[in-house]
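What follows is the content of query-v1.txt (compact mmCIF, C-alpha atoms).
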# COMPACT_ATOMS: atom_id res chain seq x y z
CA MET A 14 10.19 -4.53 33.96
CA THR A 15 12.25 -7.23 32.27
CA ALA A 16 11.67 -9.53 35.25
CA ASN A 17 7.90 -9.31 34.69
CA LYS A 18 8.15 -10.02 31.02
CA ASP A 19 6.09 -12.90 29.70
CA PRO A 20 8.43 -15.76 28.60
CA LEU A 21 6.67 -15.71 25.27
CA GLN A 22 7.69 -12.08 24.81
CA THR A 23 11.25 -12.84 25.87
CA ILE A 24 11.58 -15.61 23.31
CA TRP A 25 10.11 -13.40 20.64
CA GLN A 26 11.99 -10.18 21.32
CA ASP A 27 15.38 -11.80 21.79
CA ASP A 28 15.34 -12.75 18.15
CA LEU A 29 17.27 -10.14 16.18
CA SER A 30 18.09 -12.21 13.11
CA GLY A 31 17.14 -11.29 9.58
CA VAL A 32 16.96 -7.54 10.15
CA LEU A 33 17.01 -5.71 6.88
CA VAL A 34 18.90 -2.45 6.50
CA PRO A 35 16.50 -0.59 4.27
CA ALA A 36 17.83 2.95 3.86
CA THR A 37 19.36 2.95 0.35
CA ASP A 38 17.46 -0.09 -0.80
CA ALA A 39 14.16 1.52 0.09
CA ILE A 40 14.91 4.57 -2.04
CA SER A 41 16.00 2.67 -5.11
CA LYS A 42 13.11 0.22 -4.78
CA ALA A 43 10.61 3.05 -4.33
CA LEU A 44 12.06 4.71 -7.43
CA VAL A 45 11.80 1.50 -9.47
CA ARG A 46 8.18 1.08 -8.38
CA HIS A 47 7.40 4.70 -9.13
CA GLU A 48 8.88 4.41 -12.63
CA ALA A 49 7.16 1.08 -13.29
CA GLY A 50 3.85 2.63 -12.22
CA GLN A 51 4.42 5.55 -14.58
CA ARG A 52 5.30 3.29 -17.51
CA TRP A 53 2.18 1.20 -16.97
CA ARG A 54 0.03 4.33 -16.65
CA ASN A 55 1.52 5.75 -19.88
CA LEU A 56 0.89 2.50 -21.75
CA ARG A 57 -2.75 2.58 -20.67
CA GLU A 58 -3.05 6.18 -21.80
CA TYR A 59 -1.49 5.42 -25.20
CA ALA A 60 -3.88 2.50 -25.69
CA ALA A 61 -6.81 4.72 -24.69
CA ALA A 62 -5.66 7.37 -27.18
CA VAL A 63 -5.58 4.78 -29.99
CA LEU A 64 -9.09 3.68 -29.01
CA VAL A 65 -10.40 7.26 -28.96
CA VAL A 66 -8.86 8.00 -32.37
CA ALA A 67 -10.38 4.81 -33.81
CA ILE A 68 -13.86 5.40 -32.36
CA PHE A 69 -14.11 9.11 -33.11
CA GLY A 70 -12.46 8.62 -36.52
CA PHE A 71 -15.18 6.11 -37.32
CA VAL A 72 -17.93 8.42 -35.95
CA GLY A 73 -16.54 11.35 -37.94
CA LEU A 74 -16.50 9.35 -41.17
CA LYS A 75 -19.96 7.84 -40.73
CA SER A 76 -21.80 10.95 -39.55
CA ASP A 77 -23.67 13.19 -41.99
CA LEU A 78 -23.67 16.15 -39.60
CA PRO A 79 -20.83 18.64 -40.23
CA ALA A 80 -20.69 19.61 -36.53
CA MET A 81 -20.30 15.95 -35.55
CA GLN A 82 -17.60 15.39 -38.18
CA ALA A 83 -15.65 18.44 -37.00
CA GLY A 84 -16.16 17.54 -33.33
CA ALA A 85 -15.03 13.95 -33.81
CA LEU A 86 -11.94 15.14 -35.68
CA LEU A 87 -11.10 17.56 -32.87
CA VAL A 88 -11.56 14.86 -30.21
CA ALA A 89 -9.26 12.50 -32.16
CA LEU A 90 -6.67 15.28 -32.48
CA ALA A 91 -6.98 16.02 -28.76
CA ALA A 92 -6.27 12.36 -27.96
CA VAL A 93 -3.11 12.47 -30.11
CA PHE A 94 -2.08 15.73 -28.46
CA VAL A 95 -2.61 14.33 -24.93
CA ALA A 96 -0.67 11.12 -25.69
CA THR A 97 2.22 13.11 -27.20
CA SER A 98 2.17 15.55 -24.32
CA LEU A 99 2.23 12.70 -21.81
CA HIS A 100 5.16 11.11 -23.62
CA PHE A 101 7.26 14.28 -23.49
CA ARG A 102 6.27 15.14 -19.95
CA SER A 103 7.34 11.68 -18.74
CA ARG A 104 10.74 11.68 -20.39
CA GLY A 105 14.06 11.47 -18.45
CA VAL A 106 14.29 13.07 -15.02
CA ALA A 107 17.24 15.30 -14.07
CA PRO A 108 20.07 13.51 -15.95
CA HIS A 109 22.64 15.45 -13.90
CA LEU A 110 21.57 13.69 -10.68
CA ASP A 111 22.72 10.33 -9.39
CA ARG A 112 19.88 7.79 -9.85
CA GLU A 113 20.51 6.31 -6.41
CA SER A 114 20.27 9.64 -4.61
CA ARG A 115 17.31 10.98 -2.65
CA ASN A 116 17.38 14.07 -4.86
CA PHE A 117 16.78 12.01 -7.99
CA TYR A 118 13.71 10.37 -6.48
CA ALA A 119 12.49 13.73 -5.19
CA ALA A 120 12.95 15.21 -8.69
CA ALA A 121 10.87 12.37 -10.15
CA LEU A 122 8.12 13.02 -7.60
CA ILE A 123 8.17 16.77 -8.23
CA ARG A 124 7.91 16.29 -12.00
CA GLU A 125 4.93 13.99 -11.49
CA HIS A 126 3.45 16.56 -9.11
CA HIS A 127 3.66 19.31 -11.77
CA MET A 128 2.16 17.01 -14.36
CA LEU A 129 -0.83 16.04 -12.24
CA ARG A 130 -1.39 19.56 -10.90
CA SER A 131 -1.87 20.91 -14.43
CA ILE A 132 -3.90 17.97 -15.72
CA GLY A 133 -6.95 20.18 -16.28
CA PHE A 134 -5.02 22.19 -18.87
CA TRP A 135 -3.14 19.58 -20.87
CA TYR A 136 -5.40 16.54 -20.41
CA VAL A 137 -9.00 17.76 -20.04
CA LEU A 138 -9.10 21.12 -21.85
CA PRO A 139 -7.95 19.82 -25.29
CA PHE A 140 -11.05 17.61 -25.46
CA VAL A 141 -13.49 20.44 -24.72
CA PRO A 142 -13.88 22.02 -28.22
CA GLY A 143 -14.42 18.62 -29.92
CA TYR A 144 -16.75 17.45 -27.18
CA VAL A 145 -18.84 20.64 -27.36
CA LEU A 146 -19.19 20.31 -31.13
CA CYS A 147 -20.15 16.63 -30.88
CA ARG A 148 -22.74 17.40 -28.24
CA TYR A 149 -24.10 20.31 -30.25
CA ALA A 150 -24.61 17.91 -33.15
CA ALA A 151 -26.19 15.34 -30.84
CA TYR A 152 -28.67 17.93 -29.49
CA GLN A 153 -29.59 18.87 -33.07
CA ALA A 154 -30.43 15.25 -33.81
CA VAL A 155 -32.55 14.69 -30.69
CA PRO A 156 -36.33 15.12 -31.14
CA ALA A 157 -37.87 18.04 -29.19
CA GLY A 158 -38.77 17.18 -25.62
CA ARG A 159 -36.26 14.29 -25.40
CA GLU A 160 -33.29 16.34 -24.18
CA THR A 161 -33.42 15.12 -20.58
CA VAL A 162 -31.27 12.05 -21.22
CA GLN A 163 -28.76 14.17 -23.12
CA ILE A 164 -28.56 16.71 -20.30
CA ALA A 165 -28.11 13.95 -17.74
CA TYR A 166 -25.32 12.47 -19.88
CA ASP A 167 -23.57 15.84 -20.09
CA LEU A 168 -23.84 16.36 -16.34
CA LEU A 169 -22.34 12.92 -15.80
CA VAL A 170 -19.40 13.69 -18.09
CA LEU A 171 -18.90 17.04 -16.35
CA ALA A 172 -18.92 15.35 -12.94
CA ALA A 173 -16.44 12.72 -14.15
CA ALA A 174 -14.08 15.44 -15.45
CA ALA A 175 -14.36 17.36 -12.16
CA LEU A 176 -13.66 14.16 -10.22
CA LEU A 177 -10.65 13.37 -12.40
CA ILE A 178 -9.19 16.82 -11.81
CA PHE A 179 -9.94 16.72 -8.08
CA TRP A 180 -8.39 13.27 -7.61
CA ASN A 181 -5.26 14.27 -9.52
CA LEU A 182 -4.89 17.51 -7.54
CA LYS A 183 -5.06 15.46 -4.37
CA ARG A 184 -2.48 13.03 -5.70
CA ALA A 185 -0.28 15.97 -6.77
CA ALA A 186 -0.41 17.39 -3.24
CA ALA A 187 0.58 14.02 -1.77
CA LEU A 188 3.51 13.75 -4.19
CA LYS A 189 4.67 17.23 -3.24
CA ALA A 190 4.54 16.34 0.46
CA GLU A 191 6.48 13.16 -0.21
CA ALA A 192 9.08 15.03 -2.28
CA SER A 193 9.50 17.64 0.49
CA TYR A 194 10.01 14.88 2.99
CA VAL A 195 12.54 13.06 0.81
CA LEU A 196 14.51 16.27 0.31
CA ALA A 197 14.41 17.21 3.99
CA SER A 198 15.24 13.80 5.44
CA MET B 23 9.22 16.41 11.09
CA TYR B 24 9.81 12.78 12.09
CA ASP B 25 13.05 11.22 10.98
CA PHE B 26 12.87 8.00 9.02
CA GLU B 27 16.28 6.92 10.28
CA ASP B 28 15.02 7.13 13.88
CA VAL B 29 12.03 4.99 12.98
CA ARG B 30 14.31 2.55 11.23
CA HIS B 31 16.68 2.19 14.17
CA THR B 32 13.89 1.84 16.71
CA TYR B 33 11.73 -0.66 14.83
CA ALA B 34 14.16 -2.62 12.60
CA GLY B 35 14.08 -5.68 14.87
CA ALA B 36 10.33 -5.60 15.37
CA ILE B 37 9.68 -5.28 11.63
CA ALA B 38 11.98 -8.23 10.91
CA ARG B 39 10.16 -10.37 13.49
CA LEU B 40 6.80 -9.29 12.18
CA ALA B 41 7.83 -10.22 8.62
CA ARG B 42 8.86 -13.65 9.86
CA SER B 43 5.55 -14.16 11.61
CA TYR B 44 3.74 -13.53 8.34
CA GLU B 45 6.05 -15.16 5.84
CA ARG B 46 7.92 -18.46 6.08
CA ASP B 47 10.09 -18.07 2.98
CA ARG B 48 13.32 -16.14 3.69
CA ASP B 49 13.41 -14.26 0.39
CA MET B 50 9.76 -13.35 0.76
CA GLN B 51 10.49 -12.16 4.31
CA LYS B 52 13.02 -9.74 2.86
CA ASP B 53 10.54 -8.57 0.24
CA LEU B 54 7.91 -8.07 2.90
CA GLN B 55 10.32 -6.08 5.06
CA GLN B 56 11.18 -3.91 2.05
CA GLU B 57 7.51 -3.38 1.34
CA ILE B 58 6.84 -2.37 4.94
CA TRP B 59 9.77 0.06 4.98
CA ILE B 60 8.71 1.65 1.72
CA ASN B 61 5.17 2.11 2.99
CA LEU B 62 6.44 3.57 6.27
CA TRP B 63 8.79 5.85 4.40
CA LYS B 64 6.08 7.01 2.01
CA SER B 65 3.55 7.52 4.80
CA LEU B 66 5.83 9.25 7.29
CA PRO B 67 5.24 12.78 5.89
CA GLY B 68 1.52 12.25 6.58
CA PHE B 69 2.03 11.21 10.21
CA LYS B 70 0.61 14.01 12.34
CA GLY B 71 1.01 12.41 15.74
CA ALA B 72 -2.69 11.60 16.19
CA CYS B 73 -1.61 8.28 17.72
CA SER B 74 1.72 7.11 19.10
CA MET B 75 4.53 6.51 16.64
CA ARG B 76 4.64 2.87 17.77
CA SER B 77 0.94 2.32 17.02
CA TRP B 78 1.32 4.03 13.68
CA VAL B 79 4.35 1.94 12.70
CA PHE B 80 2.70 -1.34 13.67
CA ARG B 81 -0.59 -0.44 12.00
CA ILE B 82 1.15 0.23 8.68
CA ALA B 83 3.40 -2.80 9.09
CA HIS B 84 0.52 -5.17 9.81
CA ASN B 85 -1.67 -3.76 7.05
CA THR B 86 1.19 -4.19 4.59
CA ALA B 87 1.88 -7.71 5.83
CA ALA B 88 -1.81 -8.65 5.66
CA THR B 89 -2.05 -7.38 2.07
CA HIS B 90 1.16 -9.21 1.19
CA ILE B 91 0.07 -12.49 2.67
CA LEU B 92 -3.41 -12.37 1.15
CA ARG B 93 -1.92 -11.60 -2.24
CA GLN B 94 0.74 -14.30 -2.00
CA THR B 95 -1.12 -17.14 -0.41
CA ARG B 96 -4.84 -17.00 -1.09
CA SER B 97 -4.78 -20.76 -1.59
CA ARG B 98 -3.34 -21.34 1.90
CA ARG B 99 -6.04 -19.44 3.74
CA GLY B 100 -7.86 -22.67 4.55
CA GLN B 101 -4.85 -23.90 6.53
CA TRP B 102 -5.05 -21.05 9.02
CA VAL B 103 -7.12 -21.27 12.15
CA THR B 104 -8.50 -18.91 14.75
CA ILE B 105 -7.13 -19.04 18.29
CA GLU B 106 -10.41 -20.63 19.34
CA GLU B 107 -10.04 -23.39 16.73
CA ALA B 108 -6.38 -23.83 17.64
CA ALA B 109 -7.30 -24.23 21.30
CA GLU B 110 -9.33 -27.31 20.36
CA GLN B 111 -6.35 -28.90 18.64
CA ALA B 112 -3.26 -30.45 20.15
CA ALA B 113 -0.72 -27.92 21.40
CA PRO B 114 2.18 -27.51 18.93
CA GLU B 115 4.87 -28.18 21.51
CA ASP B 116 5.55 -26.72 24.89
CA VAL B 117 7.27 -23.44 24.09
CA PHE B 118 7.79 -22.57 27.73
CA GLU B 119 9.47 -25.88 28.37
CA GLN B 120 12.00 -25.16 25.62
CA ILE B 121 12.61 -21.59 26.62
CA ALA B 122 16.40 -21.89 26.58
CA THR B 123 16.56 -23.45 23.16
CA CYS B 124 16.44 -21.97 19.69
CA GLN B 125 13.71 -24.44 18.91
CA ALA B 126 11.30 -22.54 21.14
CA ARG B 127 11.38 -19.57 18.81
CA GLU B 128 10.67 -21.74 15.80
CA VAL B 129 7.78 -23.46 17.56
CA LEU B 130 6.35 -20.10 18.57
CA LEU B 131 6.77 -18.76 15.03
CA GLU B 132 5.02 -21.78 13.57
CA ALA B 133 2.20 -21.44 16.07
CA ILE B 134 1.73 -17.78 15.18
CA ARG B 135 1.96 -18.45 11.44
CA SER B 136 -0.78 -21.04 11.72
CA LEU B 137 -3.27 -18.41 12.92
CA ARG B 138 -5.68 -16.45 10.80
CA LEU B 139 -4.66 -12.88 10.10
CA PRO B 140 -6.57 -10.94 12.82
CA ASP B 141 -5.43 -13.39 15.51
CA ARG B 142 -1.89 -13.48 14.14
CA GLN B 143 -1.81 -9.69 14.32
CA VAL B 144 -2.92 -9.67 17.97
CA ILE B 145 -0.42 -12.31 19.06
CA ALA B 146 2.50 -10.81 17.10
CA LEU B 147 1.81 -7.43 18.69
CA TYR B 148 1.53 -8.96 22.15
CA ALA B 149 4.78 -10.86 21.65
CA GLU B 150 6.37 -7.56 20.66
CA GLY B 151 5.40 -6.24 24.10
CA ILE B 152 2.65 -3.88 22.95
CA PRO B 153 0.05 -3.25 25.70
CA ALA B 154 -3.53 -4.39 25.08
CA ALA B 155 -4.77 -0.78 24.84
CA ASP B 156 -2.33 -0.09 21.99
CA ILE B 157 -3.16 -3.39 20.29
CA SER B 158 -6.78 -2.31 20.47
CA GLU B 159 -5.89 1.00 18.83
CA ILE B 160 -4.02 -0.78 16.04
CA THR B 161 -6.44 -3.62 15.36
CA GLY B 162 -9.79 -2.08 16.29
CA LEU B 163 -10.60 -5.04 18.59
CA SER B 164 -11.72 -4.39 22.15
CA PRO B 165 -9.06 -4.75 24.91
CA ALA B 166 -11.19 -7.44 26.58
CA ASN B 167 -11.34 -9.45 23.38
CA ILE B 168 -7.60 -9.04 22.94
CA SER B 169 -6.85 -10.23 26.47
CA LYS B 170 -9.08 -13.24 25.91
CA LYS B 171 -7.29 -14.13 22.67
CA ILE B 172 -3.89 -13.79 24.33
CA GLN B 173 -4.93 -15.98 27.23
CA ARG B 174 -6.32 -18.65 24.92
CA PHE B 175 -3.18 -18.63 22.82
CA LYS B 176 -0.95 -18.96 25.85
CA SER B 177 -3.02 -21.72 27.34
CA TRP B 178 -2.96 -23.53 23.99
CA LEU B 179 0.83 -23.32 23.91
CA SER B 180 1.28 -24.46 27.47
CA ARG B 181 -1.46 -27.09 27.54
CA SER B 182 0.85 -30.07 27.31
CA LYS B 183 2.66 -28.91 30.40
CA GLY B 184 -0.53 -28.38 32.36
CA ALA B 185 -2.28 -25.57 34.13
CA SER B 186 0.78 -24.42 36.01
CA HIS B 187 2.10 -22.59 32.94
CA ASN B 188 -1.01 -20.44 32.72
CA ASP B 189 0.09 -18.64 35.83
CA ARG B 190 3.45 -17.57 34.43

This entry written out as structure tokens:
Amino acid sequence: MTANKDPLQTIWQDDLSGVLVPATDAISKALVRHEAGQRWRNLREYAAAVLVVAIFGFVGLKSDLPAMQAGALLVALAAVFVATSLHFRSRGVAPHLDRESRNFYAAALIREHHMLRSIGFWYVLPFVPGYVLCRYAAYQAVPAGRETVQIAYDLLVLAAAALLIFWNLKRAAALKAEASYVLAS
Amino acid sequence: MYDFEDVRHTYAGAIARLARSYERDRDMQKDLQQEIWINLWKSLPGFKGACSMRSWVFRIAHNTAATHILRQTRSRRGQWVTIEEAAEQAAPEDVFEQIATCQAREVLLEAIRSLRLPDRQVIALYAEGIPAADISEITGLSPANISKKIQRFKSWLSRSKGASHNDR
């Protein structure tokens, strides 16, 4: 077999320099990346919450419709609740575990898994009462026979929420599989 | 369940060589190797054995390397050539002539690094001893096309020596 080897392959495969030993490094680097990704995601969510509070605060103040005012206030409160919830859910993982250990990384993955799996409850649901009120007010303001656009808009928002939940459930399942693997390996 | 440590021991050398074929800078080679190992490690739980472990490892490794190199060196893309374009240029140096020297490896590495990504992938896999059928599975190119690319690359390398090298 070796005798039939192409010289090009021999030259190439005989080179064993620069081999990296990745075992521990890979875990700590994966953990650093995971945490950096989380921090960046949280920052985006905080910024989005500020934006939602500003926009819906403005809408609530400017609107003459009581349902719209109440709805906008509830949406703004929901954004504050979600940002706070995210902050507490992302805080320190298993302080009793060694940061360099596989178990620590697995614990971080499992916590993220729980967070994403329940996203429908703590991320989507809080916005529902405010959204329903705002939409009720919007329907009141629409002239008769012009509801089609409003209905299409609502369907689009519903589809986006369903997609968000679905994507996060999928991601949660992947994190769980990864955590199981890390713990078992 | 597949064991990451087994994968690591079996493919450590190949991954290091692959990283060198994609990245000239030593520190960046290390980074690329890390990136490949992390991706392999993260993807291993999802490996269901639909293809061979070797094909799977090289597919992930090459995809990671391709992403890395495109991200790092978009401005250098114009300097890379296809095997066909390379065949029209002067041969780098006769690798086969220098087979006993360390320089041969460097010349070969430089020749591979000068290729565009799809061609680089084919040649790096061939150099690693992967059969054409497996290269086809990894790259999506037909085995005939792969064989043609390998032949052209080899004849480009050995051109200065003459046709006799093509028969080796």

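Proximity of B:Ser180, B:Thr86, B:Ser169, B:Thr161 to chain A, computed with all atoms listed in the file, is greatest for B:Ser180.
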
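Taking atom CA of A:Leu90 and atom CA of A:Leu177 as endpoints, the distance between them is 20.6 Å.
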
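Put simply, atom CA of A:Glu160 is 20.8 Å away from atom CA of A:Ala85.
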
*Which residues, written as a PyMOL selection string, have at least one atom at most 12 Å from A:Phe101, with only C-alpha atoms counted and residues fewer than 4 positions away on the same chain left out?*
chain A and resi 55+94-97+105-106+124+128+135

*asked:* Taking (-1.3, -1.2, 11.9) in the coordinates of the supplied file, I want to know which residues reach to within 10 Å of it, counting all atoms listed in the file; could you give the answer as a list in words?
replied: Arg76, Ser77, Trp78, Val79, Phe80, Arg81, Ile82, Ala83, His84, Asn85, Thr86, Ala87, Ala88, Gln143, Leu147, Ile157, Glu159, Ile160, Thr161 and Gly162 of chain B

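Across the structure, atom CA of B:Pro153 and atom CA of B:Ala36 are spaced 14.8 Å apart.
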
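Counting all atoms listed in the file, B:Glu150 has the following residues at most 8 Å away, ignoring those fewer than 4 positions along the same chain: Gln22, Trp25 and Gln26 of chain A; Ala36 and Ala146 of chain B.
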
*asked:* Residues near B:Glu132, anyone? I mean within 8 Å using all atoms listed in the file, not counting same-chain ones fewer than 4 positions away, as a PyMOL selection string.
replied: chain B and resi 43+128+136

What are the nearest atom pairs, with distances in Å to one decimal, for all residues of chain B that come at most 9 Å from chain A, using only C-alpha atoms, set out by chain and rising residue number as JSON lines?
{"residue": "B:Met23", "atom": "CA", "partner": "A:Tyr194", "partner_atom": "CA", "distance": 8.3}
{"residue": "B:Tyr24", "atom": "CA", "partner": "A:Ser198", "partner_atom": "CA", "distance": 8.6}
{"residue": "B:Asp25", "atom": "CA", "partner": "A:Ser198", "partner_atom": "CA", "distance": 6.5}
{"residue": "B:Phe26", "atom": "CA", "partner": "A:Ser198", "partner_atom": "CA", "distance": 7.2}
{"residue": "B:Glu27", "atom": "CA", "partner": "A:Ala36", "partner_atom": "CA", "distance": 7.7}
{"residue": "B:Arg30", "atom": "CA", "partner": "A:Pro35", "partner_atom": "CA", "distance": 7.9}
{"residue": "B:Ala34", "atom": "CA", "partner": "A:Val32", "partner_atom": "CA", "distance": 6.2}
{"residue": "B:Gly35", "atom": "CA", "partner": "A:Leu29", "partner_atom": "CA", "distance": 5.6}
{"residue": "B:Ala36", "atom": "CA", "partner": "A:Gln26", "partner_atom": "CA", "distance": 7.7}
{"residue": "B:Ile37", "atom": "CA", "partner": "A:Val32", "partner_atom": "CA", "distance": 7.8}
{"residue": "B:Ala38", "atom": "CA", "partner": "A:Val32", "partner_atom": "CA", "distance": 5.1}
{"residue": "B:Arg39", "atom": "CA", "partner": "A:Asp28", "partner_atom": "CA", "distance": 7.4}
{"residue": "B:Arg42", "atom": "CA", "partner": "A:Gly31", "partner_atom": "CA", "distance": 8.6}
{"residue": "B:Arg48", "atom": "CA", "partner": "A:Gly31", "partner_atom": "CA", "distance": 8.5}
{"residue": "B:Gln51", "atom": "CA", "partner": "A:Gly31", "partner_atom": "CA", "distance": 8.5}
{"residue": "B:Lys52", "atom": "CA", "partner": "A:Leu33", "partner_atom": "CA", "distance": 7.0}
{"residue": "B:Gln55", "atom": "CA", "partner": "A:Leu33", "partner_atom": "CA", "distance": 6.9}
{"residue": "B:Gln56", "atom": "CA", "partner": "A:Ala39", "partner_atom": "CA", "distance": 6.5}
{"residue": "B:Glu57", "atom": "CA", "partner": "A:Ala39", "partner_atom": "CA", "distance": 8.4}
{"residue": "B:Trp59", "atom": "CA", "partner": "A:Ala39", "partner_atom": "CA", "distance": 6.7}
{"residue": "B:Ile60", "atom": "CA", "partner": "A:Ala39", "partner_atom": "CA", "distance": 5.7}
{"residue": "B:Trp63", "atom": "CA", "partner": "A:Ala39", "partner_atom": "CA", "distance": 8.1}
{"residue": "B:Lys64", "atom": "CA", "partner": "A:Glu191", "partner_atom": "CA", "distance": 6.6}
{"residue": "B:Ser65", "atom": "CA", "partner": "A:Glu191", "partner_atom": "CA", "distance": 8.1}
{"residue": "B:Leu66", "atom": "CA", "partner": "A:Tyr194", "partner_atom": "CA", "distance": 8.2}
{"residue": "B:Pro67", "atom": "CA", "partner": "A:Tyr194", "partner_atom": "CA", "distance": 6.0}
{"residue": "B:Gly68", "atom": "CA", "partner": "A:Ala190", "partner_atom": "CA", "distance": 8.0}
{"residue": "B:Val117", "atom": "CA", "partner": "A:Leu21", "partner_atom": "CA", "distance": 7.8}
{"residue": "B:Phe118", "atom": "CA", "partner": "A:Pro20", "partner_atom": "CA", "distance": 6.9}
{"residue": "B:Ile121", "atom": "CA", "partner": "A:Ile24", "partner_atom": "CA", "distance": 6.9}
{"residue": "B:Ala122", "atom": "CA", "partner": "A:Ile24", "partner_atom": "CA", "distance": 8.6}
{"residue": "B:Cys124", "atom": "CA", "partner": "A:Ile24", "partner_atom": "CA", "distance": 8.8}
{"residue": "B:Ala126", "atom": "CA", "partner": "A:Ile24", "partner_atom": "CA", "distance": 7.3}
{"residue": "B:Arg127", "atom": "CA", "partner": "A:Ile24", "partner_atom": "CA", "distance": 6.0}
{"residue": "B:Leu130", "atom": "CA", "partner": "A:Trp25", "partner_atom": "CA", "distance": 8.0}
{"residue": "B:Leu131", "atom": "CA", "partner": "A:Trp25", "partner_atom": "CA", "distance": 8.4}
{"residue": "B:Ala146", "atom": "CA", "partner": "A:Trp25", "partner_atom": "CA", "distance": 8.8}
{"residue": "B:Tyr148", "atom": "CA", "partner": "A:Gln22", "partner_atom": "CA", "distance": 7.4}
{"residue": "B:Ala149", "atom": "CA", "partner": "A:Gln22", "partner_atom": "CA", "distance": 4.5}
{"residue": "B:Glu150", "atom": "CA", "partner": "A:Gln26", "partner_atom": "CA", "distance": 6.2}
{"residue": "B:Gly151", "atom": "CA", "partner": "A:Gln22", "partner_atom": "CA", "distance": 6.3}
{"residue": "B:Lys176", "atom": "CA", "partner": "A:Leu21", "partner_atom": "CA", "distance": 8.3}
{"residue": "B:Arg190", "atom": "CA", "partner": "A:Asp19", "partner_atom": "CA", "distance": 7.2}

Can I get the selection written as a short mmCIF file (atom, residue, chain, number, x, y, z; two decimals), in the coordinates of the input, with C-alpha atoms?
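Result file is selection19.cif:
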data_model
loop_
_atom_site.label_atom_id
_atom_site.label_comp_id
_atom_site.auth_asym_id
_atom_site.auth_seq_id
_atom_site.Cartn_x
_atom_site.Cartn_y
_atom_site.Cartn_z
CA MET B 23 9.22 16.41 11.09
CA TYR B 24 9.81 12.78 12.09
CA ASP B 25 13.05 11.22 10.98
CA PHE B 26 12.87 8.00 9.02
CA GLU B 27 16.28 6.92 10.28
CA ARG B 30 14.31 2.55 11.23
CA ALA B 34 14.16 -2.62 12.60
CA GLY B 35 14.08 -5.68 14.87
CA ALA B 36 10.33 -5.60 15.37
CA ILE B 37 9.68 -5.28 11.63
CA ALA B 38 11.98 -8.23 10.91
CA ARG B 39 10.16 -10.37 13.49
CA ARG B 42 8.86 -13.65 9.86
CA ARG B 48 13.32 -16.14 3.69
CA GLN B 51 10.49 -12.16 4.31
CA LYS B 52 13.02 -9.74 2.86
CA GLN B 55 10.32 -6.08 5.06
CA GLN B 56 11.18 -3.91 2.05
CA GLU B 57 7.51 -3.38 1.34
CA TRP B 59 9.77 0.06 4.98
CA ILE B 60 8.71 1.65 1.72
CA TRP B 63 8.79 5.85 4.40
CA LYS B 64 6.08 7.01 2.01
CA SER B 65 3.55 7.52 4.80
CA LEU B 66 5.83 9.25 7.29
CA PRO B 67 5.24 12.78 5.89
CA GLY B 68 1.52 12.25 6.58
CA VAL B 117 7.27 -23.44 24.09
CA PHE B 118 7.79 -22.57 27.73
CA ILE B 121 12.61 -21.59 26.62
CA ALA B 122 16.40 -21.89 26.58
CA CYS B 124 16.44 -21.97 19.69
CA ALA B 126 11.30 -22.54 21.14
CA ARG B 127 11.38 -19.57 18.81
CA LEU B 130 6.35 -20.10 18.57
CA LEU B 131 6.77 -18.76 15.03
CA ALA B 146 2.50 -10.81 17.10
CA TYR B 148 1.53 -8.96 22.15
CA ALA B 149 4.78 -10.86 21.65
CA GLU B 150 6.37 -7.56 20.66
CA GLY B 151 5.40 -6.24 24.10
CA LYS B 176 -0.95 -18.96 25.85
CA ARG B 190 3.45 -17.57 34.43
#

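Using all atoms listed in the file, the nearest neighbour of A:Gly133 within the list A:Val65, A:Ala91, A:Ala175, A:Ala49 is A:Ala175.
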